[in-house]
Structures are given as structure tokens and as C-alpha cells.
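As provided, coords-v4.cif (mmCIF, C-alpha atoms) reads as follows.
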```
data_final
loop_
_atom_site.label_atom_id
_atom_site.label_comp_id
_atom_site.auth_asym_id
_atom_site.auth_seq_id
_atom_site.Cartn_x
_atom_site.Cartn_y
_atom_site.Cartn_z
CA LEU P 1 -36.92 -1.44 15.53
CA ILE P 2 -40.30 -1.81 17.15
CA VAL P 3 -43.21 -2.76 14.90
CA GLU P 4 -46.23 -0.84 16.17
CA GLY P 5 -48.65 -2.51 13.76
CA PRO P 6 -50.97 -1.65 10.88
CA ARG P 7 -51.92 1.98 10.30
CA GLN P 8 -54.03 3.66 7.65
CA ILE P 9 -52.54 7.00 6.59
CA GLU P 10 -53.72 9.68 4.19
CA ILE P 11 -51.36 11.70 2.01
CA ALA P 12 -52.75 14.26 -0.45
CA GLY P 13 -56.17 12.60 -0.41
CA GLN P 14 -54.82 9.08 -1.02
CA HIS P 15 -55.15 6.36 1.59
CA TYR P 16 -52.38 3.85 2.22
CA SER P 17 -52.21 0.67 4.29
CA THR P 18 -48.95 0.88 6.19
CA ILE P 19 -47.09 -0.60 9.10
CA GLN P 20 -45.85 1.90 11.67
CA ILE P 21 -42.32 1.29 12.91
CA ARG P 22 -40.72 3.04 15.86
CA LYS P 23 -36.95 3.43 15.94
CA PRO P 24 -35.62 4.35 19.39
CA ALA P 25 -32.22 6.05 19.32
CA SER P 26 -29.89 7.99 21.53
CA ILE P 27 -26.84 10.20 21.26
CA GLU P 28 -24.77 9.77 24.38
CA LEU P 29 -22.64 12.86 23.68
CA PHE P 30 -25.75 15.06 24.01
CA ASP P 31 -27.46 12.89 26.65
CA TRP P 32 -30.39 12.77 24.22
CA GLU P 33 -32.91 9.99 23.67
CA PHE P 34 -35.54 10.13 20.94
CA GLU P 35 -37.74 7.99 18.69
CA ASN P 36 -38.15 8.28 14.95
CA LEU P 37 -41.25 6.91 13.25
CA VAL P 38 -41.72 5.49 9.75
CA TRP P 39 -44.83 4.31 7.94
CA VAL P 40 -43.96 1.49 5.54
CA ASP P 41 -46.27 0.24 2.78
CA ALA P 42 -47.63 -3.11 3.94
CA GLN P 43 -47.31 -4.65 0.44
CA THR P 44 -44.11 -3.16 -1.02
CA GLY P 45 -42.01 -1.95 1.91
CA PHE P 46 -41.93 1.58 0.48
CA VAL P 47 -41.64 4.29 3.15
CA TRP P 48 -44.53 6.73 2.61
CA LYS P 49 -44.01 8.89 5.68
CA SER P 50 -41.42 9.54 8.35
CA LEU P 51 -41.03 11.65 11.46
CA GLN P 52 -37.37 12.19 12.31
CA TYR P 53 -35.57 14.11 15.00
CA ILE P 54 -32.36 15.77 13.85
CA SER P 55 -31.48 17.89 16.88
CA PRO P 56 -32.50 18.09 20.52
CA ASP P 57 -33.16 21.81 19.98
CA LEU P 58 -35.42 21.50 16.93
CA PRO P 59 -38.86 20.04 16.27
CA PRO P 60 -38.97 16.79 14.28
CA VAL P 61 -38.92 16.80 10.49
CA GLU P 62 -42.02 15.20 8.98
CA MET P 63 -41.76 13.93 5.40
CA GLU P 64 -44.53 12.56 3.22
CA ILE P 65 -43.90 11.10 -0.23
CA LEU P 66 -46.58 12.14 -2.70
CA LYS P 67 -45.76 9.36 -5.17
CA PRO P 68 -42.88 6.95 -5.73
CA ALA P 69 -40.33 7.76 -8.41
CA SER P 70 -41.13 6.04 -11.70
#
```

Structure encoded using C-alpha cells:
Amino acid sequence: LIVEGPRQIEIAGQHYSTIQIRKPASIELFDWEFENLVWVDAQTGFVWKSLQYISPDLPPVEMEILKPAS
């Protein structure tokens, strides 16, 4: 994991103080290297947003959590 540092993000009009983390990965079988990103709440560790690659032939999947489960 590579901590990129503090980032302010906006999801559905709400602003969050997060820490961006980069997760380099590779799949040797496919000769594929990629990096996933996550934005973690600076206070709670909750992941508000992620950008994840699931296939070398597809664009990344971006997920944003609108609110934590209660």
C-alpha cells in the first residue's frame, strides 16, 4: 500500500476528509499490472470511494458510498 496523502472528496454534495491509498497489483498469468485506489475516512478508516480494475479488457469500476450502514 502506498499512502498518497490527504484528499478532500465530494460525494452527493457532501465533503469528506480522506486519505488516498494506492494499491499496486499485478497478475502474472495475464502479464497485467494495475493500481487500485481507495479513499479512506481520515477519522474512522471507513472507505468512502474506490477505483478498482477487474479485468485488463474493461475500464475500472468506481464505487462511492452514499452513507455508511446504520

_For this structure, which residues satisfy the selection - the PyMOL selection byres ((chain P and resi 8-16) around 10) - when it is evaluated on the file as given? I want them as a VMD selection string._
chain P and resid 6 to 7 17 to 20 39 to 42 48 to 49 64 to 67

Write to file, as a tab-separated table (two decimals), in the frame of the given file, the residues of the selection just made, with C-alpha atoms.
```tsv
chain	number	residue	atom	x	y	z
P	6	PRO	CA	-50.97	-1.65	10.88
P	7	ARG	CA	-51.92	1.98	10.30
P	17	SER	CA	-52.21	0.67	4.29
P	18	THR	CA	-48.95	0.88	6.19
P	19	ILE	CA	-47.09	-0.60	9.10
P	20	GLN	CA	-45.85	1.90	11.67
P	39	TRP	CA	-44.83	4.31	7.94
P	40	VAL	CA	-43.96	1.49	5.54
P	41	ASP	CA	-46.27	0.24	2.78
P	42	ALA	CA	-47.63	-3.11	3.94
P	48	TRP	CA	-44.53	6.73	2.61
P	49	LYS	CA	-44.01	8.89	5.68
P	64	GLU	CA	-44.53	12.56	3.22
P	65	ILE	CA	-43.90	11.10	-0.23
P	66	LEU	CA	-46.58	12.14	-2.70
P	67	LYS	CA	-45.76	9.36	-5.17
```

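Closest approach to Glu33 of chain P among P:Leu1, P:Glu62, P:Ile54, P:Ala69 is made by P:Ile54 (distances from all atoms listed in the file).
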
*Could you spell out the hits of the PyMOL selection byres ((chain P and resi 35-38) around 7) on the shown file, as a PyMOL selection string?*
chain P and resi 20-25+34+39-40+47+49-53

*Work out how far atom CA of Gln43 of chain P is from atom CA of Pro60 of chain P, in Å to one decimal.*
26.8 Å

*Atomic separation - atom CA of Gly5 of chain P relative to atom CA of Pro59 of chain P, Å*: 24.7 Å

*Distance in Å - atom CA of Met63 of chain P versus atom CA of Ile27 of chain P*: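 Atom CA of Ile27 of chain P lies at a distance of 22.1 Å from atom CA of Met63 of chain P.
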
*Using all atoms listed in the file, which of P:Phe46, P:Pro56, P:Glu4, P:Pro68 sits nearest Phe30 of chain P?*
P:Pro56
